[in-house]
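As provided, work_27.cif (mmCIF, C-alpha atoms) reads as follows.
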data_final
#
loop_
_atom_site.label_atom_id
_atom_site.label_comp_id
_atom_site.auth_asym_id
_atom_site.auth_seq_id
_atom_site.Cartn_x
_atom_site.Cartn_y
_atom_site.Cartn_z
CA MET Q 205 65.89 -96.92 26.79
CA PHE Q 206 65.00 -94.10 24.39
CA ALA Q 207 64.31 -96.69 21.68
CA VAL Q 208 61.93 -98.51 23.99
CA LEU Q 209 60.06 -95.27 24.71
CA LEU Q 210 59.81 -94.41 21.00
CA LEU Q 211 58.57 -97.88 20.10
CA ALA Q 212 56.03 -97.81 22.90
CA GLY Q 213 54.67 -94.52 21.59
CA TYR Q 214 54.69 -95.79 17.98
CA PHE Q 215 52.65 -98.91 18.77
CA GLY Q 216 50.18 -96.97 20.94
CA LEU Q 217 51.46 -98.45 24.22
CA PRO Q 218 51.73 -96.30 27.36
CA ALA Q 219 55.12 -94.62 27.49
CA VAL Q 220 57.32 -95.21 30.54
CA THR Q 221 57.68 -91.99 32.54
CA SER Q 222 60.78 -91.14 34.52
CA ALA Q 223 60.73 -92.40 38.11
CA ASN Q 224 61.76 -89.57 40.42
CA HIS Q 225 60.36 -90.49 43.83
CA ILE Q 226 60.36 -93.34 46.31
CA LEU Q 227 57.15 -93.93 48.27
CA ILE Q 228 57.33 -96.03 51.43
CA PRO Q 229 53.75 -96.98 52.32
CA MET Q 230 52.99 -97.35 56.03
CA ASP Q 231 49.55 -98.95 55.79
CA ALA Q 232 48.78 -102.68 55.92
CA THR Q 233 50.79 -103.27 52.72
CA GLN Q 234 54.07 -102.54 54.53
CA LYS Q 235 56.06 -105.67 55.46
CA GLU Q 236 58.51 -103.94 57.83
CA HIS Q 237 56.95 -100.95 59.54
CA LEU Q 238 59.65 -100.68 62.20
CA LYS Q 239 62.58 -100.89 59.81
CA ALA Q 240 60.93 -98.27 57.58
CA TYR Q 241 61.65 -95.72 60.31
CA GLY Q 242 65.27 -96.83 60.23
CA VAL Q 243 65.41 -96.18 56.49
CA ALA Q 244 63.94 -92.70 56.99
CA TYR Q 245 66.62 -92.04 59.60
CA TRP Q 246 69.30 -93.40 57.24
CA LEU Q 247 68.13 -91.07 54.46
CA LEU Q 248 68.29 -88.06 56.80
CA GLY Q 249 71.81 -89.10 57.69
CA LYS Q 250 72.66 -88.90 53.98
CA GLN Q 251 71.28 -85.33 53.86
CA VAL Q 252 68.22 -86.49 51.93
CA GLU Q 253 65.02 -84.65 52.82
CA VAL Q 254 62.14 -86.99 53.65
CA ASP Q 255 58.45 -86.13 53.31
CA TRP Q 256 56.33 -87.59 56.10
CA LEU Q 257 52.87 -87.89 54.55
CA LEU Q 258 50.69 -87.53 57.62
CA ASN Q 259 47.57 -89.71 57.54
CA TYR Q 260 48.34 -90.82 53.96
CA GLN Q 261 48.45 -94.63 53.83
CA GLY Q 262 49.22 -94.91 57.52
CA GLY Q 263 51.76 -92.09 57.62
CA SER Q 264 53.90 -92.95 54.61
CA PHE Q 265 57.36 -91.61 53.78
CA ALA Q 266 58.57 -90.26 50.45
CA CYS Q 267 61.85 -88.97 49.06
CA ASP Q 268 63.66 -88.36 45.81
CA VAL Q 269 65.31 -91.31 44.11
CA VAL Q 270 68.91 -91.14 45.35
CA PRO Q 271 71.87 -93.52 44.98
CA GLY Q 272 71.78 -96.40 47.41
CA ALA Q 273 68.23 -95.84 48.68
CA GLU Q 274 66.59 -98.73 46.85
CA ASN Q 275 69.35 -101.07 47.87
CA GLU Q 276 68.97 -100.01 51.51
CA LEU Q 277 65.23 -100.58 51.36
CA ALA Q 278 65.67 -103.99 49.78
CA VAL Q 279 68.33 -105.11 52.27
CA ARG Q 280 66.11 -104.14 55.19
CA GLY Q 281 63.05 -105.78 53.65
CA VAL Q 282 61.02 -102.56 53.58
CA THR Q 283 58.14 -102.34 51.09
CA TYR Q 284 58.44 -99.40 48.69
CA GLN Q 285 57.36 -98.12 45.27
CA VAL Q 286 59.24 -96.04 42.71
CA ILE Q 287 56.84 -93.51 41.23
CA SER Q 288 56.95 -90.71 38.67
CA GLU Q 289 56.91 -86.99 39.25
CA ALA Q 290 53.35 -86.88 37.95
CA GLN Q 291 52.24 -89.62 40.35
CA TYR Q 292 53.82 -87.86 43.30
CA THR Q 293 52.29 -84.54 42.31
CA SER Q 294 48.90 -86.27 42.29
CA ILE Q 295 49.50 -87.59 45.80
CA LEU Q 296 50.48 -84.12 47.04
CA SER Q 297 47.37 -82.64 45.47
CA GLU Q 298 45.21 -85.23 47.24
CA ILE Q 299 46.91 -84.40 50.55
CA ALA Q 300 46.55 -80.64 50.00
CA ASP Q 301 42.77 -80.85 49.56
CA PRO Q 302 41.31 -78.70 52.39
CA ASN Q 303 38.77 -81.43 53.10
CA ALA Q 304 41.42 -84.14 53.50
CA ASN Q 305 42.80 -84.73 57.00
CA MET Q 306 46.34 -85.08 55.65
CA ASP Q 307 49.46 -82.97 55.40
CA VAL Q 308 53.14 -83.15 54.43
CA MET Q 309 55.75 -82.75 57.14
CA LYS Q 310 59.29 -82.14 55.94
CA LEU Q 311 61.97 -84.12 57.81
CA GLU Q 312 65.19 -82.20 57.37
CA LYS Q 313 67.79 -83.19 59.96
CA VAL Q 314 68.96 -86.40 61.52
CA PRO Q 315 68.14 -86.27 65.25
CA LYS Q 316 70.94 -86.90 67.74
CA ILE Q 317 69.52 -89.48 70.12
CA ALA Q 318 70.50 -90.12 73.72
CA VAL Q 319 69.16 -92.97 75.81
CA TYR Q 320 69.37 -92.49 79.56
CA THR Q 321 70.17 -96.02 80.67
CA PRO Q 322 72.69 -97.65 83.03
CA LYS Q 323 75.60 -99.54 81.54
CA GLY Q 324 74.61 -102.59 83.57
CA LYS Q 325 70.98 -102.61 82.51
CA GLN Q 326 69.29 -105.97 82.28
CA PRO Q 327 68.03 -107.37 78.93
CA TRP Q 328 64.40 -107.14 80.07
CA ASP Q 329 64.74 -103.46 80.93
CA ASP Q 330 63.80 -101.37 77.93
CA ALA Q 331 61.62 -101.57 74.82
CA VAL Q 332 63.07 -98.42 73.25
CA THR Q 333 66.66 -99.63 73.02
CA MET Q 334 65.35 -102.89 71.55
CA VAL Q 335 63.36 -101.15 68.82
CA LEU Q 336 66.15 -98.68 68.04
CA THR Q 337 68.51 -101.60 67.58
CA TYR Q 338 66.01 -103.51 65.45
CA ALA Q 339 65.30 -100.46 63.27
CA GLU Q 340 69.07 -99.81 62.99
CA ILE Q 341 68.78 -96.30 64.43
CA PRO Q 342 71.98 -95.29 66.26
CA TYR Q 343 71.92 -93.78 69.72
CA THR Q 344 74.31 -92.75 72.48
CA GLN Q 345 73.98 -94.28 75.91
CA ILE Q 346 74.24 -91.79 78.77
CA TYR Q 347 73.46 -91.91 82.48
CA ASP Q 348 73.75 -89.84 85.63
CA ASP Q 349 77.39 -88.78 85.23
CA GLU Q 350 76.79 -87.42 81.73
CA VAL Q 351 73.54 -85.67 82.65
CA LEU Q 352 75.03 -84.00 85.73
CA ARG Q 353 78.09 -82.74 83.86
CA GLY Q 354 75.83 -81.01 81.33
CA ASP Q 355 75.93 -83.26 78.26
CA LEU Q 356 72.21 -83.15 77.41
CA PRO Q 357 72.35 -80.09 75.10
CA LYS Q 358 74.49 -82.18 72.71
CA TYR Q 359 71.36 -84.15 71.80
CA ASP Q 360 67.98 -83.46 70.22
CA TRP Q 361 66.04 -86.35 71.74
CA LEU Q 362 66.30 -88.03 75.13
CA HIS Q 363 64.71 -91.31 76.10
CA LEU Q 364 64.43 -92.33 79.74
CA HIS Q 365 64.79 -96.06 80.18
CA HIS Q 366 62.42 -97.61 82.72
CA GLU Q 367 64.08 -95.73 85.54
CA ASP Q 368 63.08 -95.10 89.14
CA PHE Q 369 63.82 -91.44 89.82
CA THR Q 370 62.70 -91.67 93.45
CA GLY Q 371 65.88 -93.48 94.54
CA GLU Q 372 64.02 -96.64 95.62
CA TYR Q 373 65.65 -98.97 93.06
CA GLY Q 374 62.36 -99.78 91.35
CA LYS Q 375 60.83 -100.81 94.69
CA PHE Q 376 62.12 -104.30 93.96
CA TYR Q 377 63.33 -104.73 97.54
CA ARG Q 378 60.74 -107.24 98.73
CA ASN Q 379 61.14 -109.70 95.85
CA TYR Q 380 64.65 -109.13 94.48
CA ARG Q 381 66.92 -107.72 97.19
CA PHE Q 382 69.02 -110.88 97.28
CA ARG Q 383 69.54 -111.00 93.51
CA PRO Q 384 73.12 -110.16 92.44
CA TRP Q 385 71.87 -107.75 89.76
CA TYR Q 386 69.80 -105.80 92.31
CA GLN Q 387 72.69 -105.53 94.73
CA GLN Q 388 75.06 -104.44 91.96
CA GLN Q 389 72.62 -101.76 90.76
CA GLN Q 390 72.43 -100.38 94.29
CA ARG Q 391 76.21 -100.33 94.68
CA ASP Q 392 76.62 -98.61 91.31
CA ALA Q 393 73.99 -95.97 92.12
CA GLU Q 394 75.46 -95.19 95.52
CA ALA Q 395 78.96 -94.91 94.07
CA THR Q 396 77.69 -92.55 91.34
CA ALA Q 397 75.92 -90.37 93.91
CA LYS Q 398 79.05 -90.13 96.04
CA ARG Q 399 81.20 -89.38 92.98
CA ASN Q 400 78.92 -86.47 92.12
CA GLY Q 401 78.80 -85.05 95.63
CA PHE Q 402 75.42 -86.34 96.81
CA ALA Q 403 74.79 -88.02 100.15
CA LYS Q 404 71.89 -90.07 98.80
CA VAL Q 405 70.83 -91.61 95.50
CA SER Q 406 67.42 -89.95 95.83
CA GLN Q 407 69.09 -86.52 96.00
CA MET Q 408 71.15 -87.28 92.92
CA LYS Q 409 68.11 -88.49 90.96
CA GLY Q 410 66.28 -85.30 91.89
CA ALA Q 411 69.15 -83.23 90.47
CA VAL Q 412 69.07 -85.36 87.32
CA THR Q 413 65.34 -84.69 86.82
CA VAL Q 414 65.99 -80.94 87.07
CA LYS Q 415 68.73 -81.15 84.42
CA MET Q 416 66.32 -83.02 82.15
CA GLN Q 417 63.62 -80.44 82.72
CA GLU Q 418 66.07 -77.72 81.74
CA PHE Q 419 66.89 -79.73 78.60
CA ILE Q 420 63.22 -79.77 77.59
CA ALA Q 421 62.68 -76.10 78.34
CA GLY Q 422 65.69 -75.25 76.18
CA GLY Q 423 64.19 -76.98 73.14
CA GLY Q 424 64.83 -80.67 73.74
CA PHE Q 425 62.47 -83.60 73.19
CA MET Q 426 62.03 -86.13 76.01
CA PHE Q 427 60.26 -89.48 75.81
CA ALA Q 428 59.59 -91.84 78.69
CA MET Q 429 57.81 -95.14 79.27
CA CYS Q 430 56.65 -97.20 82.21
CA SER Q 431 58.05 -96.16 85.61
CA ALA Q 432 60.21 -93.38 84.14
CA THR Q 433 57.01 -91.36 83.72
CA ASP Q 434 55.37 -91.17 87.14
CA SER Q 435 58.59 -91.60 89.14
CA TYR Q 436 60.03 -88.64 87.21
CA ASP Q 437 57.18 -86.34 88.19
CA ILE Q 438 57.19 -87.66 91.77
CA ALA Q 439 60.90 -86.83 92.05
CA LEU Q 440 60.24 -83.30 90.77
CA ALA Q 441 57.34 -82.76 93.15
CA GLY Q 442 59.42 -84.03 96.07
CA LEU Q 443 62.64 -82.12 95.49
CA GLY Q 444 64.25 -81.54 98.88
CA VAL Q 445 61.82 -83.92 100.61
CA ASP Q 446 62.92 -87.30 102.01
CA MET Q 447 60.32 -89.67 100.50
CA VAL Q 448 62.54 -92.75 100.78
CA ALA Q 449 62.32 -95.45 103.47
CA GLU Q 450 65.24 -96.64 105.57
CA MET Q 451 66.08 -99.79 103.62
CA TYR Q 452 66.79 -97.63 100.56
CA ASP Q 453 68.79 -94.73 101.98
CA GLY Q 454 69.63 -95.55 105.61
CA ASP Q 455 67.13 -93.30 107.40
CA PRO Q 456 63.32 -93.07 107.69
CA ALA Q 457 61.22 -91.10 105.22
CA ASP Q 458 59.80 -87.75 106.27
CA PRO Q 459 56.33 -88.49 107.74
CA GLN Q 460 55.13 -85.19 106.24
CA ALA Q 461 56.43 -86.01 102.74
CA GLN Q 462 52.96 -86.07 101.18
CA GLN Q 463 52.09 -82.63 102.49
CA LYS Q 464 55.37 -81.18 101.22
CA LEU Q 465 54.93 -82.17 97.56
CA ASN Q 466 54.98 -79.29 95.07
CA TYR Q 467 52.86 -80.17 92.03
CA ASN Q 468 53.79 -76.91 90.29
CA ARG Q 469 57.14 -78.47 89.39
CA THR Q 470 55.75 -81.52 87.57
CA LEU Q 471 55.24 -82.05 83.85
CA ALA Q 472 52.10 -84.17 83.73
CA PHE Q 473 50.57 -85.06 87.09
CA GLN Q 474 49.02 -83.25 90.03
CA ASN Q 475 47.28 -84.05 93.33
CA PHE Q 476 48.61 -87.60 93.48
CA ARG Q 477 49.12 -89.59 96.68
CA LEU Q 478 52.42 -91.30 97.41
CA GLU Q 479 52.49 -95.02 98.15
CA ARG Q 480 54.13 -94.91 101.58
CA ASP Q 481 54.59 -98.69 101.99
CA PRO Q 482 58.25 -99.27 101.03
CA LEU Q 483 57.53 -102.90 100.18
CA GLU Q 484 54.63 -102.15 97.84
CA TYR Q 485 55.55 -102.39 94.14
CA GLU Q 486 54.06 -98.98 93.33
CA TYR Q 487 55.03 -95.32 93.71
CA SER Q 488 51.69 -93.54 93.93
CA ASN Q 489 48.06 -93.64 92.83
CA ILE Q 490 48.97 -92.21 89.40
CA ASP Q 491 49.11 -95.77 88.04
CA MET Q 492 45.75 -97.49 87.63
CA GLN Q 493 45.55 -100.79 89.51
CA PRO Q 494 44.45 -104.08 87.89
CA ALA Q 495 41.38 -104.50 90.07
CA GLU Q 496 39.95 -101.11 89.11
CA ARG Q 497 40.88 -101.20 85.42
CA GLY Q 498 38.39 -103.93 84.55
CA VAL Q 499 40.47 -105.22 81.64
CA TYR Q 500 42.56 -108.31 81.03
CA GLU Q 501 44.90 -109.46 78.31
CA ASP Q 502 42.13 -110.44 75.91
CA ASN Q 503 40.22 -107.14 76.13
CA ASP Q 504 42.90 -104.58 77.01
CA TYR Q 505 42.96 -101.97 74.24
CA PHE Q 506 43.27 -98.21 73.95
CA GLN Q 507 42.21 -95.84 71.21
CA LEU Q 508 44.46 -93.33 69.48
CA PHE Q 509 42.98 -89.89 69.03
CA THR Q 510 42.67 -88.52 65.50
CA PHE Q 511 44.01 -84.99 65.24
CA SER Q 512 43.81 -82.45 62.43
CA ALA Q 513 46.93 -82.94 60.34
CA LYS Q 514 46.77 -79.41 58.93
CA TYR Q 515 46.11 -77.66 62.25
CA ASP Q 516 47.58 -79.96 64.91
CA PRO Q 517 50.68 -81.43 63.24
CA VAL Q 518 52.55 -82.30 66.46
CA PRO Q 519 50.09 -84.82 67.95
CA THR Q 520 49.28 -85.99 64.43
CA MET Q 521 52.92 -86.97 63.91
CA LEU Q 522 53.08 -88.73 67.25
CA THR Q 523 49.98 -90.84 66.51
CA GLN Q 524 50.80 -91.98 62.95
CA ASN Q 525 49.84 -95.64 62.65
CA HIS Q 526 48.24 -98.26 60.46
CA GLU Q 527 45.86 -99.09 63.33
CA ARG Q 528 43.90 -96.75 65.61
CA THR Q 529 43.09 -99.36 68.23
CA ILE Q 530 46.25 -100.45 70.05
CA LYS Q 531 46.61 -103.62 72.11
CA GLY Q 532 47.32 -102.72 75.71
CA PHE Q 533 50.34 -103.94 77.65
CA MET Q 534 51.34 -103.80 81.28
CA GLY Q 535 54.33 -102.42 83.14
CA GLN Q 536 55.25 -101.26 86.60
CA THR Q 537 53.40 -98.14 85.46
CA THR Q 538 50.72 -99.30 83.05
CA ALA Q 539 48.05 -96.61 82.73
CA PHE Q 540 47.79 -93.05 83.98
CA ARG Q 541 44.79 -92.05 86.10
CA LYS Q 542 43.07 -89.39 84.02
CA SER Q 543 41.80 -87.41 87.00
CA LEU Q 544 45.42 -86.72 88.09
CA ILE Q 545 46.64 -85.37 84.73
CA LYS Q 546 47.13 -81.62 84.38
CA PRO Q 547 44.57 -79.91 82.13
CA ASP Q 548 47.11 -78.61 79.59
CA VAL Q 549 48.38 -82.11 78.75
CA VAL Q 550 47.36 -83.50 75.33
CA THR Q 551 45.85 -86.98 75.58
CA MET Q 552 46.79 -89.02 72.50
CA GLY Q 553 45.65 -92.50 73.52
CA GLU Q 554 43.20 -93.62 76.18
CA ASN Q 555 40.80 -96.25 77.43
CA LYS Q 556 37.89 -93.95 78.12
CA ALA Q 557 35.75 -96.58 79.86
CA SER Q 558 38.46 -97.21 82.44
CA GLY Q 559 39.32 -93.55 82.95
CA GLU Q 560 42.93 -94.15 82.00
CA VAL Q 561 45.35 -92.46 79.62
CA ARG Q 562 48.05 -94.54 77.93
CA TYR Q 563 49.84 -92.03 75.70
CA MET Q 564 50.15 -88.27 76.19
CA HIS Q 565 52.19 -85.25 75.29
CA GLY Q 566 53.01 -81.80 76.58
CA THR Q 567 55.21 -78.76 76.12
CA LEU Q 568 57.63 -76.98 78.40
CA GLY Q 569 59.36 -73.82 77.24
CA LYS Q 570 60.75 -74.46 73.76
CA GLY Q 571 60.62 -78.26 74.02
CA THR Q 572 58.23 -81.16 74.43
CA TRP Q 573 57.79 -84.39 76.37
CA THR Q 574 55.84 -87.60 75.72
CA PHE Q 575 54.78 -90.24 78.27
CA TYR Q 576 53.76 -93.77 77.20
CA GLY Q 577 52.40 -96.25 79.74
CA GLY Q 578 53.47 -99.89 79.93
CA HIS Q 579 56.70 -101.80 79.44
CA ASP Q 580 56.75 -103.80 76.20
CA PRO Q 581 54.09 -103.33 73.48
CA GLU Q 582 54.44 -106.94 72.32
CA ASP Q 583 54.59 -108.72 75.68
CA TYR Q 584 51.46 -108.16 77.73
CA GLN Q 585 52.99 -108.83 81.14
CA HIS Q 586 56.74 -108.71 80.62
CA LEU Q 587 58.19 -109.90 83.91
CA VAL Q 588 61.53 -109.19 85.53
CA GLU Q 589 64.18 -111.73 84.42
CA GLU Q 590 62.26 -112.78 81.29
CA GLU Q 591 64.03 -112.92 77.95
CA PRO Q 592 63.74 -109.78 75.78
CA THR Q 593 61.19 -109.69 72.97
CA ASP Q 594 62.34 -110.75 69.51
CA LEU Q 595 61.13 -107.90 67.32
CA ALA Q 596 61.76 -109.90 64.16
CA LEU Q 597 58.50 -111.62 65.13
CA HIS Q 598 56.68 -108.27 65.34
CA PRO Q 599 57.87 -106.13 62.39
CA ASN Q 600 54.46 -104.44 62.07
CA SER Q 601 53.83 -103.69 65.74
CA PRO Q 602 51.48 -100.68 66.08
CA GLY Q 603 52.52 -100.27 69.72
CA TYR Q 604 56.20 -100.02 68.84
CA ARG Q 605 55.38 -97.61 66.00
CA LEU Q 606 54.32 -95.03 68.58
CA ILE Q 607 57.83 -95.11 70.03
CA LEU Q 608 59.42 -94.58 66.63
CA ASN Q 609 57.10 -91.69 65.76
CA ASN Q 610 58.81 -89.90 68.63
CA ILE Q 611 62.26 -90.68 67.23
CA LEU Q 612 61.52 -88.83 63.97
CA PHE Q 613 59.57 -86.02 65.60
CA PRO Q 614 62.71 -83.88 66.25
CA ALA Q 615 63.63 -84.10 62.55
CA ALA Q 616 60.50 -82.27 61.45
CA LYS Q 617 60.36 -78.70 60.25
CA LYS Q 618 57.68 -77.64 62.69
CA LYS Q 619 54.58 -75.74 61.73
CA LYS Q 620 52.90 -73.63 64.38
CA GLN Q 621 50.12 -75.59 66.07
CA LYS Q 622 46.86 -73.71 65.51
CA THR Q 623 44.60 -75.31 68.14
#
Hey, can you dump this file as structure tokens for me?
Amino acid sequence: MFAVLLLAGYFGLPAVTSANHILIPMDATQKEHLKAYGVAYWLLGKQVEVDWLLNYQGGSFACDVVPGAENELAVRGVTYQVISEAQYTSILSEIADPNANMDVMKLEKVPKIAVYTPKGKQPWDDAVTMVLTYAEIPYTQIYDDEVLRGDLPKYDWLHLHHEDFTGEYGKFYRNYRFRPWYQQQQRDAEATAKRNGFAKVSQMKGAVTVKMQEFIAGGGFMFAMCSATDSYDIALAGLGVDMVAEMYDGDPADPQAQQKLNYNRTLAFQNFRLERDPLEYEYSNIDMQPAERGVYEDNDYFQLFTFSAKYDPVPTMLTQNHERTIKGFMGQTTAFRKSLIKPDVVTMGENKASGEVRYMHGTLGKGTWTFYGGHDPEDYQHLVEEEPTDLALHPNSPGYRLILNNILFPAAKKKKQKT
């Protein structure tokens, strides 16, 4: 090698410089965006510090050249470059320019991930577990028993699968009450409630939401999609109130339930109206309805906000992407009505023309939460009992990238947000 370098210098050829860094671009040149997050997680698990280059080539990652890293990247099919110390210094100088909306976020620890999901969940249930599996990011599955016995502080990051925290079993009664999976889910939930000393599933779910809120306030990070967003806040607002109809819990709902809601308890929403029809596939008016949205599959998009990387690093991390316009997708809860969102919530993605927010973030105590509307970013109207999405067909999904930004968020050495 030294002979090659000497000869190169002798004949006037450019000398080969030592390669000290790995750059994982996250712009359009990346072949496997989703698996790139898995590699970043793998490196953290090997005690390798990762630089998250915010707004540089789509939110690229960089690290020192370490044994096994290139092999791991190659096996997973992730695009990368090996660059010299001088090249990396040049990149850091470009990022540090006060006029450049870029910054470096150090990722220092591997986040311990918990997914709140039932053991008998159906394959169509959850996009997050699918993308974690595809990206090869390990997680622990927990549910009501583990939450109620106080296990949440063991973890850094909690994802809520597409849960119904109101105790109404997803309001699937009208269409699916005779399905074996529905009946089994109800039996399992009732048995869990009884085991934990609750007379009703709705009461147990309310206690679970409180435990999760305590987890956030203590410094945890919570992420939710689809119905786990609005039903979570509804359960908090209705603590101690019977909002559940007879076919779900054996007795009628309190006719004054709406008047008894306490919006001071919620994370994101206020002044919403409950959907009192127990057969209607909706919880409240938080979710925008198709007729009022004015969009369809071919024109349903939302825009990501651009934040200041140097002054607002938290929302900047959560919106890293190679595209700023994201294809919309539906769910039981698709889009949040902007007029019902609390003023301190940070909107990160919205369809302004429709008055709907799709992606948002907030703080509680020492921790944070993120809500993301819709069910599956790569299946516009993913229906109950459909086959799960094959993410090998969508390795560059910008919608799924937003989920994975949240996975790495707890690994960051936080800088104080200045605005």
>> Going by the chain IDs and residue numbers used in this file, which residues fall under the PyMOL selection byres ((chain Q and resi 529) around 12)? Write them as a list of chain:residue names.
In response: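 With the shown file as input, the PyMOL selection byres ((chain Q and resi 529) around 12) matches Q:Asn503, Q:Asp504, Q:Tyr505, Q:Phe506, Q:Gln507, Q:Leu508, Q:Phe509, Q:Thr510, Q:Thr523, Q:Gln524, Q:Asn525, Q:His526, Q:Glu527, Q:Arg528, Q:Ile530, Q:Lys531, Q:Gly532, Q:Met552, Q:Gly553, Q:Glu554, Q:Asn555, Q:Arg562, Q:Ser601, Q:Pro602, Q:Gly603.
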> If you measure from CA of Ala290 in chain Q to CA of Gln261 in chain Q, what distance in Å do you get, rounded to one decimal?
Replying inline: 18.3 Å
Could you give me, as JSON lines, a per-residue list for range 422-487 of chain Q showing, wherever an atom lies at most 10 Å from an atom of range 410-417 of chain Q, the closest pair of atoms and their distance in Å to one decimal, using all atoms listed in the file and sorting by chain then residue number from low to high?
{"residue": "Q:Gly422", "atom": "CA", "partner": "Q:Gln417", "partner_atom": "CA", "distance": 8.6}
{"residue": "Q:Gly424", "atom": "CA", "partner": "Q:Met416", "partner_atom": "CA", "distance": 8.9}
{"residue": "Q:Phe425", "atom": "CA", "partner": "Q:Met416", "partner_atom": "CA", "distance": 9.8}
{"residue": "Q:Met426", "atom": "CA", "partner": "Q:Met416", "partner_atom": "CA", "distance": 8.1}
{"residue": "Q:Ser435", "atom": "CA", "partner": "Q:Thr413", "partner_atom": "CA", "distance": 9.9}
{"residue": "Q:Tyr436", "atom": "CA", "partner": "Q:Thr413", "partner_atom": "CA", "distance": 6.6}
{"residue": "Q:Asp437", "atom": "CA", "partner": "Q:Thr413", "partner_atom": "CA", "distance": 8.4}
{"residue": "Q:Ile438", "atom": "CA", "partner": "Q:Gly410", "partner_atom": "CA", "distance": 9.4}
{"residue": "Q:Ala439", "atom": "CA", "partner": "Q:Gly410", "partner_atom": "CA", "distance": 5.6}
{"residue": "Q:Leu440", "atom": "CA", "partner": "Q:Gly410", "partner_atom": "CA", "distance": 6.5}
{"residue": "Q:Ala441", "atom": "CA", "partner": "Q:Gly410", "partner_atom": "CA", "distance": 9.4}
{"residue": "Q:Gly442", "atom": "CA", "partner": "Q:Gly410", "partner_atom": "CA", "distance": 8.1}
{"residue": "Q:Leu443", "atom": "CA", "partner": "Q:Gly410", "partner_atom": "CA", "distance": 6.0}
{"residue": "Q:Gly444", "atom": "CA", "partner": "Q:Gly410", "partner_atom": "CA", "distance": 8.2}
{"residue": "Q:Val445", "atom": "CA", "partner": "Q:Gly410", "partner_atom": "CA", "distance": 9.9}
{"residue": "Q:Arg469", "atom": "CA", "partner": "Q:Val414", "partner_atom": "CA", "distance": 9.5}
{"residue": "Q:Thr470", "atom": "CA", "partner": "Q:Gln417", "partner_atom": "CA", "distance": 9.3}
{"residue": "Q:Leu471", "atom": "CA", "partner": "Q:Gln417", "partner_atom": "CA", "distance": 8.6}
On this structure, the PyMOL selection byres ((chain Q and resi 358-372) around 6) would catch which residues? List them as a PDB file with C-alpha atoms, in the coordinates of the input, sorted by chain and number.
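Wrote result.pdb, looks like this:
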ATOM      1  CA  PRO Q 315      68.140 -86.270  65.250  1.00  0.00           C
ATOM      2  CA  LYS Q 316      70.940 -86.900  67.740  1.00  0.00           C
ATOM      3  CA  ILE Q 317      69.520 -89.480  70.120  1.00  0.00           C
ATOM      4  CA  ALA Q 318      70.500 -90.120  73.720  1.00  0.00           C
ATOM      5  CA  VAL Q 319      69.160 -92.970  75.810  1.00  0.00           C
ATOM      6  CA  TYR Q 320      69.370 -92.490  79.560  1.00  0.00           C
ATOM      7  CA  THR Q 321      70.170 -96.020  80.670  1.00  0.00           C
ATOM      8  CA  ASP Q 330      63.800-101.370  77.930  1.00  0.00           C
ATOM      9  CA  ASP Q 355      75.930 -83.260  78.260  1.00  0.00           C
ATOM     10  CA  LEU Q 356      72.210 -83.150  77.410  1.00  0.00           C
ATOM     11  CA  PRO Q 357      72.350 -80.090  75.100  1.00  0.00           C
ATOM     12  CA  TYR Q 373      65.650 -98.970  93.060  1.00  0.00           C
ATOM     13  CA  GLY Q 374      62.360 -99.780  91.350  1.00  0.00           C
ATOM     14  CA  LYS Q 375      60.830-100.810  94.690  1.00  0.00           C
ATOM     15  CA  VAL Q 405      70.830 -91.610  95.500  1.00  0.00           C
ATOM     16  CA  SER Q 406      67.420 -89.950  95.830  1.00  0.00           C
ATOM     17  CA  LYS Q 409      68.110 -88.490  90.960  1.00  0.00           C
ATOM     18  CA  GLY Q 424      64.830 -80.670  73.740  1.00  0.00           C
ATOM     19  CA  PHE Q 425      62.470 -83.600  73.190  1.00  0.00           C
ATOM     20  CA  MET Q 426      62.030 -86.130  76.010  1.00  0.00           C
ATOM     21  CA  PHE Q 427      60.260 -89.480  75.810  1.00  0.00           C
ATOM     22  CA  ALA Q 428      59.590 -91.840  78.690  1.00  0.00           C
ATOM     23  CA  CYS Q 430      56.650 -97.200  82.210  1.00  0.00           C
ATOM     24  CA  SER Q 431      58.050 -96.160  85.610  1.00  0.00           C
ATOM     25  CA  ALA Q 432      60.210 -93.380  84.140  1.00  0.00           C
ATOM     26  CA  SER Q 435      58.590 -91.600  89.140  1.00  0.00           C
ATOM     27  CA  TYR Q 436      60.030 -88.640  87.210  1.00  0.00           C
ATOM     28  CA  ALA Q 439      60.900 -86.830  92.050  1.00  0.00           C
ATOM     29  CA  TYR Q 452      66.790 -97.630 100.560  1.00  0.00           C
TER      30      TYR Q 452
END
Env of Cys267 in chain Q: 8 Å cut, atoms = all atoms listed in the file, seq-sep filter 6 positions within chain, self excluded. Answer as a PDB file with C-alpha atoms, keeping the file's coordinate frame.
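Contents of out.pdb, as written:
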ATOM      1  CA  HIS Q 225      60.360 -90.490  43.830  1.00  0.00           C
ATOM      2  CA  ILE Q 226      60.360 -93.340  46.310  1.00  0.00           C
ATOM      3  CA  LEU Q 227      57.150 -93.930  48.270  1.00  0.00           C
ATOM      4  CA  VAL Q 252      68.220 -86.490  51.930  1.00  0.00           C
ATOM      5  CA  GLU Q 253      65.020 -84.650  52.820  1.00  0.00           C
ATOM      6  CA  VAL Q 254      62.140 -86.990  53.650  1.00  0.00           C
ATOM      7  CA  ASP Q 255      58.450 -86.130  53.310  1.00  0.00           C
TER       8      ASP Q 255
END
> Skipping near chain neighbours, those fewer than 6 positions away, what residues fall within 10 Å of Phe265 in chain Q using only C-alpha atoms, listed as an NGL selection string?
Replying inline: :Q and (226-230 or 240-241 or 243-244 or 254-258 or 284 or 308-311)
